[in-house]
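Shown below: data_19.pdb, with PDB, C-alpha atoms and all ligand atoms.
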```pdb
ATOM      1  CA  MET A   1     111.191 130.236  76.695
ATOM      2  CA  TYR A   2     108.302 130.490  79.122
ATOM      3  CA  CYS A   3     109.961 133.220  81.126
ATOM      4  CA  LYS A   4     110.143 135.448  78.090
ATOM      5  CA  ARG A   5     106.379 135.286  77.615
ATOM      6  CA  LEU A   6     104.516 138.244  78.975
ATOM      7  CA  TYR A   7     101.312 138.063  80.930
ATOM      8  CA  LYS A   8      98.659 140.699  81.423
ATOM      9  CA  GLN A   9      98.219 141.614  85.071
ATOM     10  CA  GLY A  10      96.234 144.678  86.088
ATOM     11  CA  GLY A  11      96.377 145.948  82.510
ATOM     12  CA  LYS A  12     100.176 145.677  82.380
ATOM     13  CA  SER A  13     102.370 143.055  80.741
ATOM     14  CA  VAL A  14     104.378 141.194  83.364
ATOM     15  CA  PRO A  15     107.254 138.782  82.696
ATOM     16  CA  ASN A  16     107.251 135.362  84.315
ATOM     17  CA  ILE A  17     109.699 134.899  87.158
ATOM     18  CA  ILE A  18     109.583 131.114  87.121
ATOM     19  CA  ALA A  19     108.199 128.497  84.765
ATOM     20  CA  ALA A  20     108.022 124.716  84.690
ATOM     21  CA  SER A  21     107.792 122.851  81.422
ATOM     22  CA  GLY A  22     106.952 119.129  81.213
ATOM     23  CA  VAL A  23     108.221 118.558  84.741
ATOM     24  CA  LYS A  24     108.139 114.984  85.972
ATOM     25  CA  ARG A  25     109.457 113.651  89.252
ATOM     26  CA  THR A  26     109.744 109.957  89.955
ATOM     27  CA  PHE A  27     111.124 108.521  93.177
ATOM     28  CA  GLY A  28     112.694 105.064  93.151
ATOM     29  CA  LYS A  29     113.215 102.706  90.216
ATOM     30  CA  GLY A  30     111.612  99.785  88.410
ATOM     31  CA  SER A  31     108.534  98.214  89.963
ATOM     32  CA  GLY A  32     109.019 100.320  93.107
ATOM     33  CA  ALA A  33     109.016 103.631  91.208
ATOM     34  CA  VAL A  34     106.597 106.290  92.451
ATOM     35  CA  HIS A  35     105.579 108.750  89.726
ATOM     36  CA  VAL A  36     104.699 111.823  91.763
ATOM     37  CA  LEU A  37     104.696 114.613  89.162
ATOM     38  CA  LYS A  38     103.577 113.497  85.716
ATOM     39  CA  GLY A  39     104.151 116.504  83.472
ATOM     40  CA  VAL A  40     103.634 119.878  85.119
ATOM     41  CA  ASP A  41     103.504 123.035  82.997
ATOM     42  CA  LEU A  42     103.328 126.228  84.960
ATOM     43  CA  THR A  43     104.108 129.916  84.611
ATOM     44  CA  VAL A  44     104.196 132.393  87.469
ATOM     45  CA  PRO A  45     104.130 136.119  86.663
ATOM     46  CA  ALA A  46     106.581 138.286  88.615
ATOM     47  CA  GLY A  47     104.953 140.147  91.491
ATOM     48  CA  SER A  48     102.092 137.724  92.008
ATOM     49  CA  LEU A  49     100.876 135.669  94.956
ATOM     50  CA  VAL A  50     100.188 132.115  93.853
ATOM     51  CA  ALA A  51      98.847 129.079  95.726
ATOM     52  CA  PHE A  52      99.047 125.367  94.968
ATOM     53  CA  LYS A  53      96.161 123.396  96.340
ATOM     54  CA  GLY A  54      95.358 119.725  96.142
ATOM     55  CA  ARG A  55      94.729 116.654  98.207
ATOM     56  CA  SER A  56      97.362 115.274 100.523
ATOM     57  CA  GLY A  57      99.873 113.397  98.397
ATOM     58  CA  SER A  58      99.011 115.264  95.172
ATOM     59  CA  GLY A  59     102.588 116.505  94.831
ATOM     60  CA  LYS A  60     102.529 120.075  96.162
ATOM     61  CA  THR A  61     105.630 119.774  98.347
ATOM     62  CA  THR A  62     107.455 117.865  95.634
ATOM     63  CA  LEU A  63     106.749 120.727  93.196
ATOM     64  CA  ILE A  64     107.791 123.424  95.705
ATOM     65  CA  ASN A  65     111.056 121.534  96.311
ATOM     66  CA  LEU A  66     111.732 121.521  92.566
ATOM     67  CA  LEU A  67     110.887 125.216  92.088
ATOM     68  CA  SER A  68     113.155 126.126  95.004
ATOM     69  CA  ALA A  69     116.027 124.123  93.487
ATOM     70  CA  LEU A  70     116.201 121.834  96.513
ATOM     71  CA  ASP A  71     115.490 118.923  94.166
ATOM     72  CA  ARG A  72     115.874 118.224  90.432
ATOM     73  CA  PRO A  73     113.144 117.078  88.015
ATOM     74  CA  SER A  74     113.431 113.552  86.569
ATOM     75  CA  GLU A  75     112.337 115.111  83.255
ATOM     76  CA  GLY A  76     111.448 118.587  82.023
ATOM     77  CA  SER A  77     112.857 121.990  82.853
ATOM     78  CA  ILE A  78     112.431 124.798  85.345
ATOM     79  CA  THR A  79     113.419 128.303  84.333
ATOM     80  CA  PHE A  80     113.972 130.925  87.018
ATOM     81  CA  GLU A  81     114.727 134.527  86.050
ATOM     82  CA  ASP A  82     115.466 133.292  82.529
ATOM     83  CA  ARG A  83     118.022 130.687  83.659
ATOM     84  CA  GLU A  84     117.369 126.984  83.604
ATOM     85  CA  LEU A  85     117.805 125.576  87.102
ATOM     86  CA  SER A  86     118.377 122.000  85.956
ATOM     87  CA  ALA A  87     121.293 123.087  83.778
ATOM     88  CA  MET A  88     123.127 124.573  86.760
ATOM     89  CA  SER A  89     125.704 122.881  88.965
ATOM     90  CA  ASN A  90     124.767 122.236  92.602
ATOM     91  CA  LYS A  91     126.940 125.176  93.618
ATOM     92  CA  GLU A  92     125.182 127.546  91.210
ATOM     93  CA  ARG A  93     121.765 126.338  92.342
ATOM     94  CA  ASP A  94     122.732 126.859  95.994
ATOM     95  CA  LEU A  95     123.860 130.383  95.170
ATOM     96  CA  VAL A  96     120.631 131.181  93.307
ATOM     97  CA  ARG A  97     118.560 129.787  96.189
ATOM     98  CA  ARG A  98     120.570 131.668  98.813
ATOM     99  CA  THR A  99     120.569 135.012  97.057
ATOM    100  CA  ARG A 100     117.394 135.162  94.956
ATOM    101  CA  MET A 101     114.943 132.946  96.861
ATOM    102  CA  GLY A 102     113.525 132.732 100.368
ATOM    103  CA  LEU A 103     112.006 129.580 101.877
ATOM    104  CA  ILE A 104     109.354 129.183 104.567
ATOM    105  CA  PHE A 105     108.102 125.933 106.013
ATOM    106  CA  GLN A 106     105.149 124.775 108.076
ATOM    107  CA  SER A 107     107.289 124.451 111.189
ATOM    108  CA  PHE A 108     108.928 127.775 111.892
ATOM    109  CA  ALA A 109     112.291 126.174 112.740
ATOM    110  CA  LEU A 110     113.548 129.108 114.797
ATOM    111  CA  ILE A 111     116.565 128.756 117.071
ATOM    112  CA  PRO A 112     115.043 128.764 120.594
ATOM    113  CA  LEU A 113     117.903 130.502 122.404
ATOM    114  CA  MET A 114     118.024 133.393 119.958
ATOM    115  CA  SER A 115     115.712 136.408 119.848
ATOM    116  CA  ALA A 116     113.656 137.103 116.718
ATOM    117  CA  TYR A 117     116.310 139.635 115.659
ATOM    118  CA  GLU A 118     119.166 137.187 116.287
ATOM    119  CA  ASN A 119     117.381 134.457 114.324
ATOM    120  CA  VAL A 120     117.180 136.754 111.286
ATOM    121  CA  GLU A 121     120.683 138.179 111.686
ATOM    122  CA  PHE A 122     122.196 134.710 112.150
ATOM    123  CA  ILE A 123     120.908 133.477 108.802
ATOM    124  CA  LEU A 124     122.280 136.579 107.081
ATOM    125  CA  ARG A 125     125.626 135.877 108.738
ATOM    126  CA  VAL A 126     125.856 132.228 107.691
ATOM    127  CA  SER A 127     124.752 133.061 104.155
ATOM    128  CA  GLY A 128     127.601 135.538 103.756
ATOM    129  CA  PHE A 129     125.512 138.748 103.706
ATOM    130  CA  PRO A 130     127.814 141.799 104.076
ATOM    131  CA  ALA A 131     128.492 142.415 107.794
ATOM    132  CA  ALA A 132     127.987 146.177 107.597
ATOM    133  CA  GLU A 133     124.465 145.753 106.183
ATOM    134  CA  ARG A 134     123.232 142.905 108.401
ATOM    135  CA  LYS A 135     121.767 144.917 111.253
ATOM    136  CA  ALA A 136     119.799 147.238 108.963
ATOM    137  CA  ALA A 137     118.576 144.360 106.770
ATOM    138  CA  ALA A 138     117.430 142.233 109.732
ATOM    139  CA  THR A 139     115.690 145.180 111.397
ATOM    140  CA  ALA A 140     114.000 146.271 108.167
ATOM    141  CA  ALA A 141     112.705 142.732 107.517
ATOM    142  CA  LEU A 142     111.302 142.408 111.039
ATOM    143  CA  GLU A 143     109.636 145.816 110.733
ATOM    144  CA  GLN A 144     108.215 144.835 107.362
ATOM    145  CA  VAL A 145     106.352 141.923 108.947
ATOM    146  CA  GLY A 146     105.174 144.080 111.874
ATOM    147  CA  LEU A 147     107.573 142.647 114.457
ATOM    148  CA  GLY A 148     109.647 145.763 115.133
ATOM    149  CA  PRO A 149     108.465 146.101 118.747
ATOM    150  CA  ARG A 150     108.873 142.354 119.470
ATOM    151  CA  MET A 151     112.219 141.681 117.801
ATOM    152  CA  ASN A 152     114.156 141.198 121.019
ATOM    153  CA  HIS A 153     111.894 138.412 122.265
ATOM    154  CA  ARG A 154     112.783 134.735 121.993
ATOM    155  CA  PRO A 155     110.483 132.323 120.133
ATOM    156  CA  PHE A 156     108.880 130.936 123.328
ATOM    157  CA  GLU A 157     107.777 134.483 124.194
ATOM    158  CA  LEU A 158     106.118 134.922 120.795
ATOM    159  CA  SER A 159     102.743 133.687 119.547
ATOM    160  CA  GLY A 160     102.570 131.165 116.696
ATOM    161  CA  GLY A 161     101.764 133.967 114.250
ATOM    162  CA  GLU A 162     104.684 136.051 115.522
ATOM    163  CA  GLN A 163     107.004 133.047 115.189
ATOM    164  CA  GLN A 164     105.896 132.519 111.614
ATOM    165  CA  ARG A 165     106.376 136.263 110.941
ATOM    166  CA  THR A 166     109.912 135.904 112.316
ATOM    167  CA  ALA A 167     110.427 133.020 109.870
ATOM    168  CA  ILE A 168     109.117 135.250 107.067
ATOM    169  CA  ALA A 169     111.482 138.061 108.115
ATOM    170  CA  ARG A 170     114.340 135.542 108.074
ATOM    171  CA  ALA A 171     113.341 134.461 104.559
ATOM    172  CA  ILE A 172     113.069 138.003 103.127
ATOM    173  CA  ALA A 173     115.932 139.837 104.870
ATOM    174  CA  HIS A 174     118.248 139.336 101.889
ATOM    175  CA  LYS A 175     115.525 140.705  99.575
ATOM    176  CA  PRO A 176     114.808 137.657  97.442
ATOM    177  CA  SER A 177     112.721 138.019  94.294
ATOM    178  CA  LEU A 178     110.850 134.756  94.979
ATOM    179  CA  LEU A 179     109.490 133.488  98.276
ATOM    180  CA  LEU A 180     108.378 129.839  98.454
ATOM    181  CA  ALA A 181     106.251 128.753 101.380
ATOM    182  CA  ASP A 182     105.178 125.163 102.038
ATOM    183  CA  GLU A 183     101.978 125.181 104.128
ATOM    184  CA  PRO A 184     102.957 128.363 105.982
ATOM    185  CA  THR A 185      99.612 128.609 107.777
ATOM    186  CA  ALA A 186      99.048 124.943 108.615
ATOM    187  CA  GLU A 187     100.209 125.253 112.239
ATOM    188  CA  LEU A 188      98.138 128.382 112.841
ATOM    189  CA  ASP A 189      94.476 129.009 113.659
ATOM    190  CA  SER A 190      92.468 130.465 110.789
ATOM    191  CA  LYS A 191      92.546 134.069 112.073
ATOM    192  CA  THR A 192      96.325 134.008 112.501
ATOM    193  CA  GLY A 193      96.648 132.275 109.129
ATOM    194  CA  LEU A 194      94.794 135.163 107.500
ATOM    195  CA  GLN A 195      97.138 137.640 109.199
ATOM    196  CA  ILE A 196     100.082 135.794 107.644
ATOM    197  CA  MET A 197      98.333 136.017 104.264
ATOM    198  CA  LYS A 198      97.972 139.775 104.739
ATOM    199  CA  VAL A 199     101.720 139.977 105.388
ATOM    200  CA  PHE A 200     102.293 138.082 102.121
ATOM    201  CA  ARG A 201      99.913 140.397 100.273
ATOM    202  CA  GLN A 202     101.749 143.463 101.622
ATOM    203  CA  LEU A 203     105.115 142.020 100.603
ATOM    204  CA  VAL A 204     103.861 141.473  97.065
ATOM    205  CA  GLU A 205     102.331 144.953  96.853
ATOM    206  CA  ALA A 206     105.166 146.850  98.560
ATOM    207  CA  SER A 207     108.263 145.131  97.214
ATOM    208  CA  GLY A 208     107.098 143.391  94.035
ATOM    209  CA  MET A 209     108.202 140.043  95.458
ATOM    210  CA  THR A 210     106.605 136.891  94.020
ATOM    211  CA  ILE A 211     105.213 134.378  96.491
ATOM    212  CA  ILE A 212     104.377 130.748  95.778
ATOM    213  CA  MET A 213     102.743 128.787  98.572
ATOM    214  CA  THR A 214     100.919 125.546  99.212
ATOM    215  CA  THR A 215      97.770 125.361 101.271
ATOM    216  CA  HIS A 216      94.712 123.292 102.144
ATOM    217  CA  ASP A 217      92.769 126.296 103.428
ATOM    218  CA  PRO A 218      89.894 127.429 101.147
ATOM    219  CA  ALA A 219      89.773 130.890 102.809
ATOM    220  CA  ILE A 220      93.287 131.591 101.598
ATOM    221  CA  MET A 221      92.313 131.105  97.966
ATOM    222  CA  GLU A 222      90.378 134.388  98.188
ATOM    223  CA  ILE A 223      93.533 136.372  98.897
ATOM    224  CA  VAL A 224      95.856 135.027  96.214
ATOM    225  CA  ASP A 225      96.124 136.087  92.569
ATOM    226  CA  HIS A 226      96.140 132.570  91.082
ATOM    227  CA  VAL A 227      95.321 129.097  92.340
ATOM    228  CA  TYR A 228      96.841 126.046  90.689
ATOM    229  CA  GLU A 229      95.223 122.766  91.586
ATOM    230  CA  LEU A 230      97.315 119.615  91.607
ATOM    231  CA  GLU A 231      95.634 116.308  91.091
ATOM    232  CA  ASP A 232      97.479 113.052  90.692
ATOM    233  CA  GLY A 233     100.735 114.820  89.823
ATOM    234  CA  GLN A 234      99.320 117.243  87.259
ATOM    235  CA  ILE A 235      97.884 120.730  87.299
ATOM    236  CA  VAL A 236      94.211 120.431  86.527
ATOM    237  CA  VAL A 237      92.835 123.945  86.956
ATOM    238  CA  PRO A 238      95.207 126.768  86.129
ATOM    239  CA  ALA A 239      92.451 129.191  87.109
ATOM    240  CA  SER A 240      92.543 132.774  88.325
ATOM    241  CA  THR A 241      90.641 133.596  91.493
TER     242      THR A 241
HETATM  243  N1  LIG B   1     111.444 110.844  98.497
HETATM  244  C1  LIG B   1     110.319 110.211  98.213
HETATM  245  N2  LIG B   1     110.291 108.892  97.948
HETATM  246  C2  LIG B   1     109.143 108.236  97.643
HETATM  247  N3  LIG B   1     107.931 108.844  97.588
HETATM  248  C3  LIG B   1     107.890 110.148  97.853
HETATM  249  C4  LIG B   1     109.048 110.897  98.180
HETATM  250  N4  LIG B   1     108.681 112.198  98.394
HETATM  251  C5  LIG B   1     107.344 112.229  98.222
HETATM  252  N5  LIG B   1     106.873 111.006  97.894
HETATM  253  C6  LIG B   1     105.473 110.660  97.630
HETATM  254  O1  LIG B   1     104.969 111.571  96.672
HETATM  255  C7  LIG B   1     103.612 111.866  96.920
HETATM  256  C8  LIG B   1     103.423 113.373  96.966
HETATM  257  O2  LIG B   1     104.058 113.891  98.121
HETATM  258  P1  LIG B   1     104.036 115.448  98.454
HETATM  259  O3  LIG B   1     104.667 115.601  99.792
HETATM  260  O4  LIG B   1     104.601 116.206  97.329
HETATM  261  O5  LIG B   1     102.447 115.705  98.550
HETATM  262  P2  LIG B   1     101.667 116.963  99.091
HETATM  263  O6  LIG B   1     100.641 117.296  98.062
HETATM  264  O7  LIG B   1     102.599 118.030  99.486
HETATM  265  O8  LIG B   1     100.969 116.333 100.374
HETATM  266  P3  LIG B   1     100.537 117.038 101.775
HETATM  267  O9  LIG B   1      99.394 117.957 101.451
HETATM  268  O10 LIG B   1     100.109 115.869 102.617
HETATM  269  O11 LIG B   1     101.744 117.733 102.310
HETATM  270  C9  LIG B   1     103.242 111.157  98.205
HETATM  271  O12 LIG B   1     102.554 109.979  97.896
HETATM  272  C10 LIG B   1     104.578 110.851  98.834
HETATM  273  O13 LIG B   1     104.538 109.684  99.624
END
```

Could you write out this file's structure as structure tokens?
Ligand SMILES: Nc1ncnc2c1ncn2[C@@H]1O[C@H](COP(=O)(O)OP(=O)(O)OP(=O)(O)O)[C@@H](O)[C@H]1O
Amino acid sequence: MYCKRLYKQGGKSVPNIIAASGVKRTFGKGSGAVHVLKGVDLTVPAGSLVAFKGRSGSGKTTLINLLSALDRPSEGSITFEDRELSAMSNKERDLVRRTRMGLIFQSFALIPLMSAYENVEFILRVSGFPAAERKAAATAALEQVGLGPRMNHRPFELSGGEQQRTAIARAIAHKPSLLLADEPTAELDSKTGLQIMKVFRQLVEASGMTIIMTTHDPAIMEIVDHVYELEDGQIVVPAST
């Protein structure tokens, strides 16, 4: 239902790519239950760059894990590209995540013995991307994040920002419509963090990808289209920047 609603963005009506409705997530049972998300309603227009902010423990990672179909809500629904994630089997959710989404984490999690190119190509290989298109897709993704000239270097020969750009290339090589990034700049100094944000901005502008990220960094809020603040498991300020 939410995904069919249209939002005005830059004078144009834009459909939502993902929406959460009444999402709750509780860990554990009985007296030991931890109610982390307590009813989150959220809509994200396609082609936007969105950030979740909030104090440590407010539920940002828990929400990202639900939106990326790594976890299921205890209550409520999440609709992605007009399909309800919670109604899908594990196999269907894995397929949606593998083909339509890209994930980035705080730690870059690159394979140390592989070059930047091999790291990207390897993921395409294990995810069943057509062999004939792998080389072009991996190269294009690395060029898109400005790593063309460095793609044959191994992670230890790359700066932190270059390693994170490799992780971004790995997450976008299969051309997902939604990129989810949990604290992608947390391991980086503020200047490098801003460079990563510029890469995100370019991806949104150039390819129409949607990016949802979590952050603690106030400077980053200036670059995104919308900031959603989580407090005690609920969104308190669905404000535009
Ligand atoms: N599997 C789990 N079992 C029990 N509690 C959990 C589980 N996962 C998360 N929590 C709790 O849920 C709360 C929210 O965690 P979450 O990681 O989503 O917060 P966050 O906003 O991302 O925090 P940070 O900014 O520190 O990364 C925390 O109190 C955490 O301990």

Show me which residues are within 7 Å of ligand LIG 1 (chain B) counting all atoms listed in the file, and format the list as a VMD selection string. chain A and resid 27 to 28 34 36 54 to 63

Atom CA of A:Ala138 sits from atom CA of A:Ile168 at a separation of 11.2 Å

Quick one: residues within 10 Å of A:Arg150, only C-alpha atoms counted, chain neighbours fewer than 5 positions away excluded, as number ranges by chain?
A: 115-117, 142-143, 157-158, 162, 166

Here atom CA of A:Lys135 and atom CA of A:Ser107 stand apart by 25.1 Å

Practice item. Might you spell out which residues the PyMOL selection byres (((chain A and resi 190) around 12) and not hetatm) would select in the displayed file, as number ranges by chain? Key: A: 160-161, 184-189, 191-197, 216-220

Exercise for review: Mind checking which residues fall within 12 Å of A:Phe52, counting only C-alpha atoms, ignoring those fewer than 2 positions away in the same chain, and posting them as a ChimeraX atom specification?
Suggested key: /A:42,44,49-50,54-56,58-64,180-183,211-218,220-221,224-231,233-240

Atom pair atom CA of A:Val23 + atom CA of A:Ala69, distance 13.0 Å

* **Who sits within 8 Å of A:Glu75, only C-alpha atoms, same chain under 3 positions skipped, as a PyMOL selection string** => chain A and resi 22-25

Tell me, as number ranges by chain, which residues lie within 10 Å of A:Ala87, counting all atoms listed in the file; anything in the same chain fewer than 6 positions away does not count. A: 72, 77-79, 93

Run the PyMOL selection byres (((chain A and resi 86) around 12) and not hetatm) on the file and write out the hits as a PyMOL selection string.
chain A and resi 20-21+23+66-80+83-85+87-94+96

Using only C-alpha atoms, please write the residues we just selected to a file, as an mmCIF file, keeping the file's coordinate frame.
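This went into result10.cif:
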```cif
data_model
loop_
_atom_site.group_PDB
_atom_site.id
_atom_site.type_symbol
_atom_site.label_atom_id
_atom_site.label_comp_id
_atom_site.auth_asym_id
_atom_site.auth_seq_id
_atom_site.Cartn_x
_atom_site.Cartn_y
_atom_site.Cartn_z
ATOM 1 C CA ALA A 20 108.022 124.716 84.690
ATOM 2 C CA SER A 21 107.792 122.851 81.422
ATOM 3 C CA VAL A 23 108.221 118.558 84.741
ATOM 4 C CA LEU A 66 111.732 121.521 92.566
ATOM 5 C CA LEU A 67 110.887 125.216 92.088
ATOM 6 C CA SER A 68 113.155 126.126 95.004
ATOM 7 C CA ALA A 69 116.027 124.123 93.487
ATOM 8 C CA LEU A 70 116.201 121.834 96.513
ATOM 9 C CA ASP A 71 115.490 118.923 94.166
ATOM 10 C CA ARG A 72 115.874 118.224 90.432
ATOM 11 C CA PRO A 73 113.144 117.078 88.015
ATOM 12 C CA SER A 74 113.431 113.552 86.569
ATOM 13 C CA GLU A 75 112.337 115.111 83.255
ATOM 14 C CA GLY A 76 111.448 118.587 82.023
ATOM 15 C CA SER A 77 112.857 121.990 82.853
ATOM 16 C CA ILE A 78 112.431 124.798 85.345
ATOM 17 C CA THR A 79 113.419 128.303 84.333
ATOM 18 C CA PHE A 80 113.972 130.925 87.018
ATOM 19 C CA ARG A 83 118.022 130.687 83.659
ATOM 20 C CA GLU A 84 117.369 126.984 83.604
ATOM 21 C CA LEU A 85 117.805 125.576 87.102
ATOM 22 C CA ALA A 87 121.293 123.087 83.778
ATOM 23 C CA MET A 88 123.127 124.573 86.760
ATOM 24 C CA SER A 89 125.704 122.881 88.965
ATOM 25 C CA ASN A 90 124.767 122.236 92.602
ATOM 26 C CA LYS A 91 126.940 125.176 93.618
ATOM 27 C CA GLU A 92 125.182 127.546 91.210
ATOM 28 C CA ARG A 93 121.765 126.338 92.342
ATOM 29 C CA ASP A 94 122.732 126.859 95.994
ATOM 30 C CA VAL A 96 120.631 131.181 93.307
#
```

Contacts of A:Ala136 at 12 Å or less, counting all atoms listed in the file, minus same-chain residues fewer than 5 places along, as a VMD selection string?
-> chain A and resid 117 120 to 121 124 129 to 131 141 to 144 148 173 to 174

Stretch 132-141 of chain A: axis-aligned bounding box, 4 Å on each side, centre and edge lengths in Å, one decimal, as AutoDock Vina command-line options:
```
--center_x 120.3 --center_y 144.7 --center_z 108.8 --size_x 23.3 --size_y 13.0 --size_z 13.2
```

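Distance check against A:Gly146 using only C-alpha atoms: of A:His35, A:Arg134, A:Lys198, A:Arg98, the minimum falls on A:Lys198.
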
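Applied to the file shown here, the PyMOL selection byres (((chain A and resi 101) around 9) and not hetatm) selects the residues A:Ser68, A:Val96, A:Arg97, A:Arg98, A:Thr99, A:Arg100, A:Gly102, A:Leu103, A:Ala171, A:Ile172, A:His174, A:Lys175, A:Pro176, A:Ser177, A:Leu178, A:Leu179, A:Leu180.
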
Once you have the residues from the selection above, write them out as a JSON list (two decimals), in the coordinates of the input, restricted to C-alpha atoms.
```json
[["chain", "number", "residue", "atom", "x", "y", "z"],
["A", 68, "SER", "CA", 113.16, 126.13, 95.00],
["A", 96, "VAL", "CA", 120.63, 131.18, 93.31],
["A", 97, "ARG", "CA", 118.56, 129.79, 96.19],
["A", 98, "ARG", "CA", 120.57, 131.67, 98.81],
["A", 99, "THR", "CA", 120.57, 135.01, 97.06],
["A", 100, "ARG", "CA", 117.39, 135.16, 94.96],
["A", 102, "GLY", "CA", 113.52, 132.73, 100.37],
["A", 103, "LEU", "CA", 112.01, 129.58, 101.88],
["A", 171, "ALA", "CA", 113.34, 134.46, 104.56],
["A", 172, "ILE", "CA", 113.07, 138.00, 103.13],
["A", 174, "HIS", "CA", 118.25, 139.34, 101.89],
["A", 175, "LYS", "CA", 115.52, 140.71, 99.58],
["A", 176, "PRO", "CA", 114.81, 137.66, 97.44],
["A", 177, "SER", "CA", 112.72, 138.02, 94.29],
["A", 178, "LEU", "CA", 110.85, 134.76, 94.98],
["A", 179, "LEU", "CA", 109.49, 133.49, 98.28],
["A", 180, "LEU", "CA", 108.38, 129.84, 98.45]]
```
